[in-house]
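Here is run09.txt, consisting of compact mmCIF, C-alpha atoms:
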# COMPACT_ATOMS: atom_id res chain seq x y z
CA MET A 1 0.00 0.00 0.00
CA ARG A 2 1.45 3.35 -1.11
CA ILE A 3 0.18 5.91 1.38
CA PHE A 4 0.42 9.69 1.44
CA PHE A 5 0.28 10.70 5.11
CA ASP A 6 -0.93 14.29 5.27
CA THR A 7 0.40 15.41 8.62
CA THR A 8 3.29 16.89 10.55
CA ALA A 9 5.08 13.99 12.19
CA MET A 10 8.56 15.31 12.89
CA ALA A 11 10.42 18.57 13.40
CA ALA A 12 12.24 18.43 10.06
CA TRP A 13 12.11 20.49 6.90
CA ARG A 14 10.61 19.06 3.72
CA THR A 15 12.95 19.65 0.82
CA TRP A 16 11.78 20.88 -2.59
CA LYS A 17 14.84 19.39 -4.33
CA GLN A 18 13.90 17.04 -7.15
CA LEU A 19 16.55 14.39 -6.54
CA PRO A 20 16.24 10.70 -5.64
CA ASN A 21 17.08 9.29 -2.22
CA ILE A 22 17.20 12.56 -0.28
CA GLN A 23 15.37 13.82 2.78
CA GLY A 24 14.72 17.12 4.46
CA VAL A 25 16.98 18.31 7.27
CA LEU A 26 16.64 18.49 11.04
CA PRO A 27 16.88 21.84 12.85
CA THR A 28 20.27 23.12 13.92
CA THR A 29 20.93 22.66 17.63
CA GLU A 30 20.06 25.90 19.40
CA ARG A 31 20.42 27.31 22.91
CA ARG A 32 17.99 30.23 22.74
CA ILE A 33 14.22 29.95 22.47
CA VAL A 34 14.07 32.61 19.76
CA ASP A 35 16.27 30.42 17.55
CA MET A 36 13.87 27.50 18.01
CA VAL A 37 10.94 29.37 16.42
CA PRO A 38 11.51 28.03 12.87
CA SER A 39 11.51 24.48 14.24
CA GLN A 40 8.38 25.15 16.30
CA ASN A 41 6.66 26.48 13.18
CA LEU A 42 7.16 23.11 11.50
CA SER A 43 4.60 21.53 13.82
CA GLY A 44 2.89 24.30 15.77
CA ASN A 45 1.78 22.84 19.08
CA ARG A 46 4.27 20.05 19.72
CA GLY A 47 1.37 17.75 20.60
CA ASN A 48 0.77 17.58 16.85
CA LEU A 49 3.85 15.36 16.59
CA ILE A 50 2.17 12.75 18.79
CA HIS A 51 -0.98 12.35 16.71
CA GLY A 52 0.77 13.19 13.44
CA GLU A 53 3.18 10.26 13.51
CA ALA A 54 0.52 7.80 14.62
CA PRO A 55 -1.00 6.63 11.30
CA ALA A 56 2.40 5.95 9.72
CA LYS A 57 3.40 3.89 12.74
CA ILE A 58 0.11 1.99 12.76
CA PHE A 59 -0.46 0.92 9.16
CA GLU A 60 1.38 -1.52 6.91
CA LYS A 61 2.76 0.29 3.87
CA ASP A 62 5.32 0.25 1.10
CA HIS A 63 7.98 2.28 2.89
CA ALA A 64 9.83 3.38 -0.24
CA SER A 65 6.66 4.54 -1.97
CA SER A 66 4.91 6.18 1.00
CA CYS A 67 5.64 9.57 2.49
CA PHE A 68 4.70 12.36 4.85
CA GLY A 69 3.52 15.52 3.13
CA HIS A 70 1.15 18.46 3.00
CA LEU A 71 -1.57 17.99 0.42
CA PRO A 72 -2.39 21.71 -0.04
CA SER A 73 1.29 22.48 -0.71
CA LEU A 74 1.51 19.61 -3.19
CA ARG A 75 -1.50 20.98 -5.06
CA LYS A 76 -0.04 24.49 -5.24
CA TRP A 77 3.33 23.19 -6.42
CA ASN A 78 1.94 21.61 -9.58
CA GLU A 79 -1.81 22.14 -9.78
CA ALA A 80 -2.10 21.11 -13.44
CA LYS A 81 -0.78 17.58 -12.81
CA TYR A 82 -1.65 17.34 -9.12
CA ALA A 83 -4.63 14.96 -9.28
CA ALA A 84 -3.05 12.64 -11.84
CA ARG A 85 0.21 12.38 -9.93
CA VAL A 86 -1.53 11.60 -6.67
CA THR A 87 -3.55 8.87 -8.38
CA GLN A 88 -0.47 7.43 -10.10
CA GLN A 89 1.80 7.40 -7.06
CA PHE A 90 -0.47 6.64 -4.09
CA ASP A 91 -3.16 4.13 -3.22
CA ALA A 92 -4.55 6.10 -0.30
CA ILE A 93 -4.36 9.43 1.49
CA VAL A 94 -4.50 9.40 5.29
CA LEU A 95 -5.13 12.67 7.11
CA SER A 96 -4.42 13.03 10.83
CA PHE A 97 -6.52 15.84 12.27
CA ALA A 98 -7.01 17.21 15.77
CA ASN A 99 -9.35 19.95 16.97
CA ILE A 100 -10.23 21.28 13.50
CA ILE A 101 -13.91 21.89 14.28
CA ARG A 102 -13.63 25.36 15.80
CA PRO A 103 -14.05 28.94 14.59
CA GLY A 104 -10.30 29.60 14.66
CA TYR A 105 -9.45 26.92 12.07
CA ASP A 106 -9.87 27.54 8.33
CA GLY A 107 -10.14 24.28 6.41
CA ALA A 108 -10.10 25.96 2.98
CA PRO A 109 -6.60 24.78 1.95
CA HIS A 110 -7.39 21.14 2.67
CA TYR A 111 -10.86 21.43 1.13
CA GLU A 112 -9.40 22.77 -2.12
CA ALA A 113 -6.73 20.05 -2.13
CA LEU A 114 -9.24 17.26 -1.56
CA LYS A 115 -11.76 18.69 -4.01
CA GLY A 116 -9.02 18.75 -6.66
CA LEU A 117 -8.38 15.00 -6.47
CA HIS A 118 -9.77 12.55 -9.00
CA LYS A 119 -13.14 11.21 -7.92
CA GLY A 120 -12.75 7.89 -6.13
CA THR A 121 -9.34 8.63 -4.62
CA LYS A 122 -9.24 6.77 -1.31
CA VAL A 123 -9.16 9.23 1.59
CA ILE A 124 -9.13 8.26 5.27
CA ALA A 125 -9.48 11.08 7.82
CA LEU A 126 -8.72 10.39 11.48
CA GLY A 127 -8.90 12.26 14.79
CA ALA A 128 -11.13 15.22 13.93
CA GLY A 129 -12.64 16.83 17.00
CA ILE A 130 -14.68 19.75 18.24
CA GLN A 131 -13.30 22.47 20.48
CA GLY A 132 -15.50 24.89 22.41
CA GLU A 133 -19.15 25.80 21.95
CA PHE A 134 -20.43 27.55 18.82
CA THR A 135 -22.91 27.26 15.96
CA VAL A 136 -22.09 25.92 12.53
CA SER A 137 -22.37 29.44 11.10
CA ASP A 138 -19.45 30.47 13.33
CA LEU A 139 -17.12 28.19 11.37
CA PRO A 140 -15.19 29.61 8.40
CA GLU A 141 -16.71 28.66 5.06
CA GLY A 142 -13.63 26.64 4.21
CA THR A 143 -14.06 24.49 7.32
CA ARG A 144 -17.74 23.88 6.54
CA ASN A 145 -16.78 22.88 3.01
CA LEU A 146 -14.07 20.55 4.32
CA LEU A 147 -16.49 18.81 6.68
CA SER A 148 -19.02 18.43 3.84
CA TRP A 149 -16.40 16.93 1.56
CA LEU A 150 -15.20 14.48 4.20
CA SER A 151 -18.76 13.48 5.08
CA GLU A 152 -19.66 12.85 1.44
CA ASN A 153 -16.43 11.46 -0.01
CA ALA A 154 -14.03 10.06 2.59
CA GLU A 155 -13.72 6.28 2.81
CA VAL A 156 -13.54 6.80 6.58
CA PHE A 157 -14.32 10.06 8.36
CA GLY A 158 -13.02 9.27 11.83
CA VAL A 159 -13.75 11.59 14.74
CA ARG A 160 -12.60 11.71 18.35
CA GLY A 161 -15.79 10.95 20.25
CA GLU A 162 -19.57 10.95 20.55
CA THR A 163 -19.81 14.70 21.21
CA THR A 164 -18.13 15.51 17.91
CA LYS A 165 -20.24 12.98 16.01
CA ALA A 166 -23.48 14.29 17.53
CA TRP A 167 -22.57 17.86 16.58
CA LEU A 168 -21.72 16.82 13.01
CA ASP A 169 -24.95 14.82 12.67
CA GLU A 170 -27.03 17.74 13.94
CA ASN A 171 -25.41 20.17 11.52
CA GLY A 172 -25.65 18.23 8.28
CA PHE A 173 -22.42 16.19 8.22
CA PRO A 174 -23.86 12.72 8.83
CA ASN A 175 -21.22 10.16 7.88
CA SER A 176 -18.58 10.39 10.59
CA MET A 177 -17.49 7.47 12.76
CA VAL A 178 -16.20 7.58 16.33
CA LEU A 179 -12.70 6.10 16.40
CA GLY A 180 -10.90 8.24 19.00
CA CYS A 181 -7.43 9.62 18.36
CA PRO A 182 -5.05 7.31 16.45
CA SER A 183 -2.23 8.21 18.87
CA LEU A 184 -3.76 5.79 21.41
CA PHE A 185 -3.39 2.86 18.99
CA VAL A 186 0.34 3.20 18.26
CA TYR A 187 1.65 1.26 21.27
CA PRO A 188 -1.20 -0.97 22.45
CA ARG A 189 1.14 -3.18 24.48
CA SER A 190 2.05 -0.17 26.59
CA ILE A 191 -1.60 0.62 27.26
CA LEU A 192 -2.62 -2.95 28.02
CA GLY A 193 0.53 -3.47 30.10
CA LEU A 194 -0.27 -0.57 32.43
CA SER A 195 -0.09 -1.22 36.16
CA TYR A 196 -1.04 1.14 38.97
CA ASP A 197 0.82 -0.77 41.68
CA ASN A 198 3.93 1.41 41.71
CA VAL A 199 2.16 4.76 41.69
CA ARG A 200 -0.22 3.61 44.41
CA ALA A 201 2.78 2.61 46.51
CA THR A 202 4.47 5.99 46.09
CA GLY A 203 1.19 7.90 46.54
CA GLY A 204 1.73 11.54 47.46
CA ASP A 205 5.47 11.18 46.87
CA SER A 206 5.01 10.13 43.23
CA LYS A 207 7.21 11.77 40.60
CA VAL A 208 4.75 13.71 38.47
CA ILE A 209 5.11 14.97 34.90
CA THR A 210 2.53 17.46 33.69
CA ALA A 211 1.48 19.71 30.80
CA GLY A 212 -0.87 22.67 30.74
CA HIS A 213 -1.61 26.01 29.11
CA LEU A 214 0.74 28.53 30.70
CA ALA A 215 0.73 31.14 27.97
CA ALA A 216 -1.82 33.86 27.25
CA PRO A 217 -3.93 33.22 30.38
CA LEU A 218 -0.97 34.14 32.57
CA MET A 219 -0.79 37.48 30.81
CA MET A 220 -4.33 38.40 31.83
CA PRO A 221 -5.85 39.31 35.19
CA LYS A 222 -6.83 36.22 37.13
CA ALA A 223 -10.51 37.19 37.09
CA LYS A 224 -10.54 37.25 33.29
CA SER A 225 -8.87 33.94 32.62
CA ARG A 226 -8.77 31.39 35.41
CA ARG A 227 -7.61 28.26 33.61
CA ALA A 228 -3.85 28.65 33.99
CA HIS A 229 -4.13 30.06 37.49
CA ASP A 230 -6.46 27.28 38.64
CA TYR A 231 -4.10 24.73 37.13
CA LEU A 232 -1.14 26.21 39.02
CA ASP A 233 -3.15 26.35 42.24
CA ALA A 234 -4.04 22.66 41.84
CA LEU A 235 -0.38 21.67 41.30
CA ALA A 236 0.91 23.83 44.17
CA GLY A 237 3.18 21.84 46.47
CA ILE A 238 3.81 19.10 43.88
CA PRO A 239 7.41 19.30 42.56
CA ALA A 240 6.40 18.18 39.08
CA SER A 241 8.18 18.31 35.73
CA TYR A 242 6.42 20.55 33.20
CA ILE A 243 6.17 19.96 29.42
CA PHE A 244 6.06 23.04 27.19
CA GLN A 245 4.17 22.43 23.94
CA ASP A 246 3.94 25.97 22.55
CA GLU A 247 3.68 28.38 25.50
CA ILE A 248 7.31 29.54 25.57
CA PHE A 249 6.86 31.18 22.17
CA TRP A 250 4.25 33.56 23.64
CA TYR A 251 6.62 35.00 26.21
CA SER A 252 8.68 38.21 26.11
CA ARG A 253 11.40 38.80 23.58
CA GLU A 254 13.87 39.21 26.42
CA PHE A 255 12.98 35.77 27.77
CA MET A 256 13.25 34.19 24.34
CA GLU A 257 16.67 35.71 23.73
CA ARG A 258 18.28 34.48 26.96
CA ASP A 259 21.40 32.51 26.09
CA ASN A 260 21.79 28.92 27.28
CA MET A 261 18.09 28.70 28.13
CA TYR A 262 17.70 25.32 26.38
CA ASN A 263 19.74 22.11 26.30
CA GLU A 264 18.59 20.02 23.36
CA GLY A 265 20.64 17.07 24.55
CA THR A 266 18.34 16.68 27.56
CA SER A 267 15.28 18.45 26.05
CA GLU A 268 15.26 20.70 29.13
CA LEU A 269 15.08 24.43 29.82
CA ASP A 270 17.05 26.02 32.63
CA PRO A 271 14.66 25.77 35.63
CA GLU A 272 16.15 28.74 37.47
CA LEU A 273 15.81 31.06 34.49
CA VAL A 274 12.23 29.92 33.86
CA ALA A 275 11.29 30.37 37.53
CA GLU A 276 12.90 33.81 37.53
CA TYR A 277 10.83 34.83 34.50
CA TYR A 278 7.55 33.66 36.04
CA ARG A 279 8.39 35.52 39.21
CA GLU A 280 9.28 38.79 37.49
CA ALA A 281 6.74 38.75 34.65
CA PHE A 282 3.69 37.28 36.41
CA GLY A 283 4.45 37.45 40.12
CA LEU A 284 4.14 33.68 40.37
CA GLU A 285 6.11 31.10 42.29
CA VAL A 286 5.64 28.01 40.13
CA PRO A 287 5.90 24.51 41.63
CA PHE A 288 7.82 22.89 38.79
CA LYS A 289 11.36 21.61 39.22
CA ARG A 290 12.11 20.60 35.63
CA TYR A 291 10.93 21.99 32.26
CA TYR A 292 10.87 20.03 29.00
CA TYR A 293 10.45 20.97 25.34
CA PHE A 294 10.67 18.11 22.85
CA ASN A 295 11.87 18.07 19.26
CA ASP A 296 10.97 14.40 18.84
CA THR A 297 8.44 12.01 20.32
CA GLY A 298 10.97 9.42 21.44
CA SER A 299 12.54 11.88 23.88
CA TRP A 300 9.05 12.67 25.14
CA ARG A 301 8.33 9.05 25.96
CA GLN A 302 11.74 8.55 27.56
CA ALA A 303 11.17 11.56 29.80
CA GLY A 304 7.87 10.02 30.81
CA LEU A 305 9.71 6.94 32.02
CA ARG A 306 11.59 9.09 34.56
CA HIS A 307 8.26 9.70 36.33
CA ASP A 308 5.57 7.70 38.08
CA LEU A 309 2.50 9.52 36.78
CA TYR A 310 1.18 12.12 34.32
CA ILE A 311 -1.32 14.68 35.60
CA GLY A 312 -2.28 17.53 33.27
CA ASP A 313 -4.86 19.17 31.03
CA ARG A 314 -3.03 18.65 27.72
CA PHE A 315 -4.32 15.49 26.05
CA HIS A 316 -1.38 14.59 23.82
CA GLY A 317 1.08 15.49 26.56
CA GLY A 318 -0.50 12.67 28.52
CA VAL A 319 -0.80 10.32 25.56
CA ALA A 320 2.98 10.42 25.03
CA VAL A 321 3.47 9.30 28.63
CA LEU A 322 0.81 6.57 28.30
CA GLN A 323 2.63 5.36 25.18
CA ALA A 324 5.60 4.67 27.45
CA GLY A 325 3.42 2.61 29.80
CA VAL A 326 3.23 5.26 32.55
CA PRO A 327 -0.18 5.88 34.21
CA ALA A 328 -2.05 9.14 33.65
CA ILE A 329 -4.81 11.21 35.21
CA PHE A 330 -6.18 13.83 32.83
CA LEU A 331 -7.55 17.13 34.11
CA LYS A 332 -10.70 18.03 32.18
CA ALA A 333 -10.41 21.76 31.53
CA ASP A 334 -12.20 21.71 28.15
CA ASN A 335 -14.37 19.47 25.99
CA ARG A 336 -11.42 18.10 24.00
CA VAL A 337 -9.95 16.31 27.01
CA GLY A 338 -13.38 15.32 28.30
CA GLU A 339 -14.42 13.72 25.03
CA LEU A 340 -11.23 11.75 24.45
CA THR A 341 -10.81 10.50 28.01
CA GLY A 342 -14.47 9.52 27.97
CA TYR A 343 -14.13 7.46 24.80
CA PHE A 344 -11.10 5.57 26.09
CA ASP A 345 -12.27 5.48 29.72
CA VAL A 346 -8.96 6.95 30.84
CA PRO A 347 -8.80 8.28 34.44
CA ASN A 348 -9.90 11.91 34.55
CA MET A 349 -11.16 14.60 36.89
CA THR A 350 -11.73 18.33 36.81
CA ILE A 351 -9.04 20.72 38.03
CA ASP A 352 -11.23 21.63 41.01
CA GLU A 353 -11.71 17.95 41.88
CA PHE A 354 -7.97 17.37 41.77
CA LYS A 355 -7.29 20.44 43.87
CA GLU A 356 -9.71 19.18 46.52
CA ALA A 357 -8.41 15.60 46.48
CA GLY A 358 -4.70 16.35 46.31
CA LEU A 359 -2.16 14.06 44.70
CA ALA A 360 -2.55 11.13 47.09
CA GLY A 361 -6.34 11.39 47.05
CA ALA A 362 -6.48 11.55 43.25
CA ILE A 363 -4.32 8.43 42.97
CA GLU A 364 -6.47 6.61 45.51
CA SER A 365 -9.77 7.50 43.82
CA CYS A 366 -8.79 7.28 40.14
CA LEU A 367 -6.14 4.58 39.91
CA THR A 368 -8.00 1.58 41.30
CA ASP A 369 -7.83 -1.97 40.00
CA GLU A 370 -11.46 -1.69 38.90
CA ALA A 371 -10.74 1.48 36.92
CA LEU A 372 -7.75 -0.17 35.25
CA GLU A 373 -9.74 -3.25 34.25
CA ARG A 374 -12.52 -1.06 32.88
CA MET A 375 -10.09 1.05 30.87
CA LYS A 376 -8.39 -2.00 29.37
CA ALA A 377 -11.74 -3.57 28.44
CA THR A 378 -12.76 -0.33 26.76
CA TYR A 379 -9.43 -0.12 24.99
CA ARG A 380 -9.74 -3.63 23.59
CA ARG A 381 -13.15 -2.83 22.12
CA ASN A 382 -11.95 0.47 20.65
CA TYR A 383 -8.84 -1.16 19.27
CA ARG A 384 -10.88 -3.93 17.62
CA LYS A 385 -13.29 -1.37 16.13
CA PHE A 386 -10.36 0.60 14.74
CA VAL A 387 -8.69 -2.48 13.24
CA ASP A 388 -11.93 -3.69 11.65
CA THR A 389 -12.80 -0.25 10.27
CA MET A 390 -9.38 0.18 8.72
CA SER A 391 -9.52 -3.31 7.26
CA GLY A 392 -12.83 -2.46 5.64
CA ALA A 393 -11.18 0.60 4.09
CA GLY A 394 -8.30 -1.48 2.71
CA LEU A 395 -5.66 -0.57 5.31
CA THR A 396 -3.95 -3.12 7.52
CA VAL A 397 -2.93 -2.45 11.09
CA ALA A 398 0.60 -3.80 11.41
CA ASN A 399 1.48 -6.25 14.19
CA GLU A 400 -2.15 -6.57 15.23
CA LEU A 401 -2.55 -7.75 18.80
CA THR A 402 -4.01 -11.21 19.17
CA PHE A 403 -5.30 -10.40 22.67
CA ALA A 404 -7.34 -7.37 21.54
CA GLU A 405 -10.54 -9.38 21.45
CA PRO A 406 -14.11 -8.06 21.26
CA ALA A 407 -15.79 -7.07 24.52
CA THR A 408 -17.37 -9.70 26.75
CA GLN A 409 -21.02 -9.50 27.74
CA ASP A 410 -20.04 -8.44 31.25
CA ALA A 411 -18.20 -5.34 30.07
CA PRO A 412 -19.96 -1.97 30.43
CA THR A 413 -21.67 -0.73 27.29
CA ASP A 414 -22.00 3.02 27.92
CA LEU A 415 -18.43 4.27 28.07
CA THR A 416 -18.78 7.85 26.88
CA THR A 417 -18.49 10.76 29.26
CA SER A 418 -20.31 14.05 28.86
CA VAL A 419 -17.87 16.91 28.32
CA ASN A 420 -19.83 18.76 31.00
CA ASP A 421 -19.08 16.18 33.67

What's the structure tokens form of this structure?
Amino acid sequence: MRIFFDTTAMAAWRTWKQLPNIQGVLPTTERRIVDMVPSQNLSGNRGNLIHGEAPAKIFEKDHASSCFGHLPSLRKWNEAKYAARVTQQFDAIVLSFANIIRPGYDGAPHYEALKGLHKGTKVIALGAGIQGEFTVSDLPEGTRNLLSWLSENAEVFGVRGETTKAWLDENGFPNSMVLGCPSLFVYPRSILGLSYDNVRATGGDSKVITAGHLAAPLMMPKAKSRRAHDYLDALAGIPASYIFQDEIFWYSREFMERDNMYNEGTSELDPELVAEYYREAFGLEVPFKRYYYFNDTGSWRQAGLRHDLYIGDRFHGGVAVLQAGVPAIFLKADNRVGELTGYFDVPNMTIDEFKEAGLAGAIESCLTDEALERMKATYRRNYRKFVDTMSGAGLTVANELTFAEPATQDAPTDLTTSVND
């Protein structure tokens, strides 16, 4: 199977050189945040690397004839021969989306690229999700057109959860299917091999790794934007490690130009300089002892292994840690996290609930044997649904797990969670 994976899966430049057997280049090693901006722009939010790489890791393919790419750029490069070349060189196009159903996303480039393909080109879209509350008229026209095209033409129009599907059904996009985020299907042995014994033993002394949204909200009065402040209040007293996904690129020019702020060899920022900036810019004493920023997903997973538990309100920040077989409790601060944790039955609670329970209490209430068994049963059913759906679309999940069997009659049937819970 020759597959065009439309996604950002690595922090590397795509070359325009028309030569055989060449690749794009990795970023130059940098010490200052300002010099990392071009690399950050390759992916945007670094969480995109987690879901972006997932389809290529999941599916069997002809490696030499498959590629990562950007369909809208391919169309612009040679629009006259675009459709014919795609048909000649690829058997399928797989798109890895995230929270594209929101007013701030314009789907026009992808709509034009998909509309320009020959009719019958096999397209599989995965991971699309809703963010926030709005009406369909609030979406850009290009996004509405993209959703219509996917609903009418995609072989599979996979969405994150029941909330997204219900919204699409209600607004005239009826052919989506709930499949969750593909990033949860990359390392199924890690998910099904999870144990809570170690983290229950360490309890309130557990080594925690976390991710949140410490950017624009910190620059506003607390009364106007509580999310970041509530998150920091909840983590107070927990000497956690913090994962930056895009926040550092919102901060002051002076902060971004500090020399020796970043060590790419360890994927860490200088904790004293970061703490000094929070103190001087925001008047905050932050609880974090270590700060990470990742240029690749492998380093992300390895950092997760240095900790006992993930607790945070970034979904893909937690998925990377789960992929390494480390337990996670997700803080539901918006409907994206609520929908995805609900579909996979992953331990979750609101920020206020975590603040009230504390670290030891959250571990005791969320990471029980019963919760683990329920999550694994849910995962097996979701994994089987994903495998069967992809098989029906002509794609094969590589190294399929023999123990990912259909659910038993004793397993719970209603496993979705309202985003308002």

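Minimum atom-to-atom distance to Lys332 (chain A), evaluated using all atoms listed in the file, belongs to A:Arg227 out of A:Ala236, A:Thr87, A:Met375, A:Arg227.
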
(message) What does the structure give for the distance between CA of Arg279 (chain A) and CA of Asp205 (chain A), in Å to one decimal?
(response)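 These two atoms are separated by 25.7 Å.
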
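A distance cut-off of 6 Å around (-13.5, 18.2, 19.2), counting all atoms listed in the file, selects these protein and nucleic acid residues: Asn99, Gly129, Ile130, Gln131, Thr164 and Arg336 of chain A.
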
(message) Need to verify the contact set: Asn335 (chain A), 12 Å, all atoms listed in the file, exclusion of same-chain residues closer than 4 positions in sequence. Can you return it as a PyMOL selection string?
(response) chain A and resi 99+101-102+129-133+160-164+313-315+331+339-342+350+417-421

Hey, can you spit out that residue selection with C-alpha atoms as a short mmCIF file (atom, residue, chain, number, x, y, z; two decimals), in the frame of the given file?
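Result file again_27.cif:
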data_model
loop_
_atom_site.label_atom_id
_atom_site.label_comp_id
_atom_site.auth_asym_id
_atom_site.auth_seq_id
_atom_site.Cartn_x
_atom_site.Cartn_y
_atom_site.Cartn_z
CA ASN A 99 -9.35 19.95 16.97
CA ILE A 101 -13.91 21.89 14.28
CA ARG A 102 -13.63 25.36 15.80
CA GLY A 129 -12.64 16.83 17.00
CA ILE A 130 -14.68 19.75 18.24
CA GLN A 131 -13.30 22.47 20.48
CA GLY A 132 -15.50 24.89 22.41
CA GLU A 133 -19.15 25.80 21.95
CA ARG A 160 -12.60 11.71 18.35
CA GLY A 161 -15.79 10.95 20.25
CA GLU A 162 -19.57 10.95 20.55
CA THR A 163 -19.81 14.70 21.21
CA THR A 164 -18.13 15.51 17.91
CA ASP A 313 -4.86 19.17 31.03
CA ARG A 314 -3.03 18.65 27.72
CA PHE A 315 -4.32 15.49 26.05
CA LEU A 331 -7.55 17.13 34.11
CA GLU A 339 -14.42 13.72 25.03
CA LEU A 340 -11.23 11.75 24.45
CA THR A 341 -10.81 10.50 28.01
CA GLY A 342 -14.47 9.52 27.97
CA THR A 350 -11.73 18.33 36.81
CA THR A 417 -18.49 10.76 29.26
CA SER A 418 -20.31 14.05 28.86
CA VAL A 419 -17.87 16.91 28.32
CA ASN A 420 -19.83 18.76 31.00
CA ASP A 421 -19.08 16.18 33.67
#

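Counting only C-alpha atoms, Glu60 (chain A) has the following residues at most 9 Å away, ignoring those fewer than 5 positions along the same chain: Met1, Leu395, Thr396, Val397, Ala398 and Asn399 of chain A.
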
Pull C-alpha atoms from the residues just selected and write them as a PDB file, in the coordinates of the input.
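Listed below is the output, out38.pdb:
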ATOM      1  CA  MET A   1       0.000   0.000   0.000  1.00  0.00           C
ATOM      2  CA  LEU A 395      -5.660  -0.570   5.310  1.00  0.00           C
ATOM      3  CA  THR A 396      -3.950  -3.120   7.520  1.00  0.00           C
ATOM      4  CA  VAL A 397      -2.930  -2.450  11.090  1.00  0.00           C
ATOM      5  CA  ALA A 398       0.600  -3.800  11.410  1.00  0.00           C
ATOM      6  CA  ASN A 399       1.480  -6.250  14.190  1.00  0.00           C
TER       7      ASN A 399
END

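Every protein, DNA or RNA residue with an atom at most 9 Å from region 9-19 of chain A, where all atoms listed in the file count and chain neighbours fewer than 6 positions away do not, is listed here: Val25, Leu26, Pro27, Ser39, Gln40, Asn41, Leu42, Ser43, Arg46, Asn48, Leu49, Ile50, His51, Gly52, Glu53, Ala54, Ala56, Phe68, Gly69, Asn295, Asp296 and Thr297 of chain A.
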
Selection above as a file: C-alpha atoms, as a CSV table (one decimal), keeping the file's coordinate frame:
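Output saved as selection-v9.csv:
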chain,number,residue,atom,x,y,z
A,25,VAL,CA,17.0,18.3,7.3
A,26,LEU,CA,16.6,18.5,11.0
A,27,PRO,CA,16.9,21.8,12.8
A,39,SER,CA,11.5,24.5,14.2
A,40,GLN,CA,8.4,25.2,16.3
A,41,ASN,CA,6.7,26.5,13.2
A,42,LEU,CA,7.2,23.1,11.5
A,43,SER,CA,4.6,21.5,13.8
A,46,ARG,CA,4.3,20.0,19.7
A,48,ASN,CA,0.8,17.6,16.8
A,49,LEU,CA,3.8,15.4,16.6
A,50,ILE,CA,2.2,12.8,18.8
A,51,HIS,CA,-1.0,12.4,16.7
A,52,GLY,CA,0.8,13.2,13.4
A,53,GLU,CA,3.2,10.3,13.5
A,54,ALA,CA,0.5,7.8,14.6
A,56,ALA,CA,2.4,6.0,9.7
A,68,PHE,CA,4.7,12.4,4.8
A,69,GLY,CA,3.5,15.5,3.1
A,295,ASN,CA,11.9,18.1,19.3
A,296,ASP,CA,11.0,14.4,18.8
A,297,THR,CA,8.4,12.0,20.3

(message) Using all atoms listed in the file, which protein or nucleic acid residues come within 12 Å of Tyr278 (chain A)? Drop anything in the same chain fewer than 2 positions from it, and give the result as a PyMOL selection string.
(response) chain A and resi 214-215+218-219+232+248+251-252+255+271-276+280-288

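What separates CA of Asn78 (chain A) from CA of Ala113 (chain A) is a distance of 11.5 Å.
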
(request) Return the single residue from A:Ala320, A:Ala125, A:Ala108, A:Leu194 that is closest to Pro140 (chain A), with distances computed using all atoms listed in the file. (result)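 Among A:Ala320, A:Ala125, A:Ala108, A:Leu194, it is A:Ala108 that comes nearest to Pro140 (chain A).
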
Skip Ser176 (chain A) itself and residues of its chain fewer than 5 positions away, then list as a PDB file with C-alpha atoms, in the frame of the given file all residues within 9 Å of it, counting only C-alpha atoms.
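Once written, around_28.pdb looks like this:
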ATOM      1  CA  LEU A 150     -15.200  14.480   4.200  1.00  0.00           C
ATOM      2  CA  SER A 151     -18.760  13.480   5.080  1.00  0.00           C
ATOM      3  CA  VAL A 156     -13.540   6.800   6.580  1.00  0.00           C
ATOM      4  CA  PHE A 157     -14.320  10.060   8.360  1.00  0.00           C
ATOM      5  CA  GLY A 158     -13.020   9.270  11.830  1.00  0.00           C
ATOM      6  CA  VAL A 159     -13.750  11.590  14.740  1.00  0.00           C
ATOM      7  CA  THR A 164     -18.130  15.510  17.910  1.00  0.00           C
ATOM      8  CA  LYS A 165     -20.240  12.980  16.010  1.00  0.00           C
ATOM      9  CA  LEU A 168     -21.720  16.820  13.010  1.00  0.00           C
ATOM     10  CA  ASP A 169     -24.950  14.820  12.670  1.00  0.00           C
TER      11      ASP A 169
END

(message) Within 6 Å of (5.8, 11.1, 40.0) in the file's own coordinates, which protein, DNA or RNA residues have an atom, counting only C-alpha atoms? List them as an NGL selection string.
(response) :A and (206-208 or 307-309)

(message) Please compute the CA of Asn263 (chain A)-CA of Gly304 (chain A) distance, one decimal, in Å.
(response) 17.5 Å

Box time for region 350-356 of chain A: axis-aligned, enclosing all its listed atoms, 8 Å extra on each side; report centre and edge lengths in Å to one decimal, as JSON.
{"center_x": -9.5, "center_y": 19.5, "center_z": 41.7, "size_x": 20.4, "size_y": 20.3, "size_z": 25.7}

(message) Let me make sure I understand: among A:Pro109, A:Pro72, A:Gly237, A:Pro327, which one has the smallest atom-to-atom distance to Leu192 (chain A) if we use all atoms listed in the file?
(response)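 Comparing A:Pro109, A:Pro72, A:Gly237, A:Pro327 against Leu192 (chain A), the winner is A:Pro327.
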
(request) Give the answer as one residue: which of A:Asn145, A:Ile311, A:Pro182, A:Asp106 has the shortest atom-to-atom distance to Ala128 (chain A), using only C-alpha atoms? (result) A:Pro182

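Counting all atoms listed in the file, the residue from A:His110, A:Arg253, A:Arg258, A:Arg380 that sits nearest to Glu30 (chain A) is A:Arg258.
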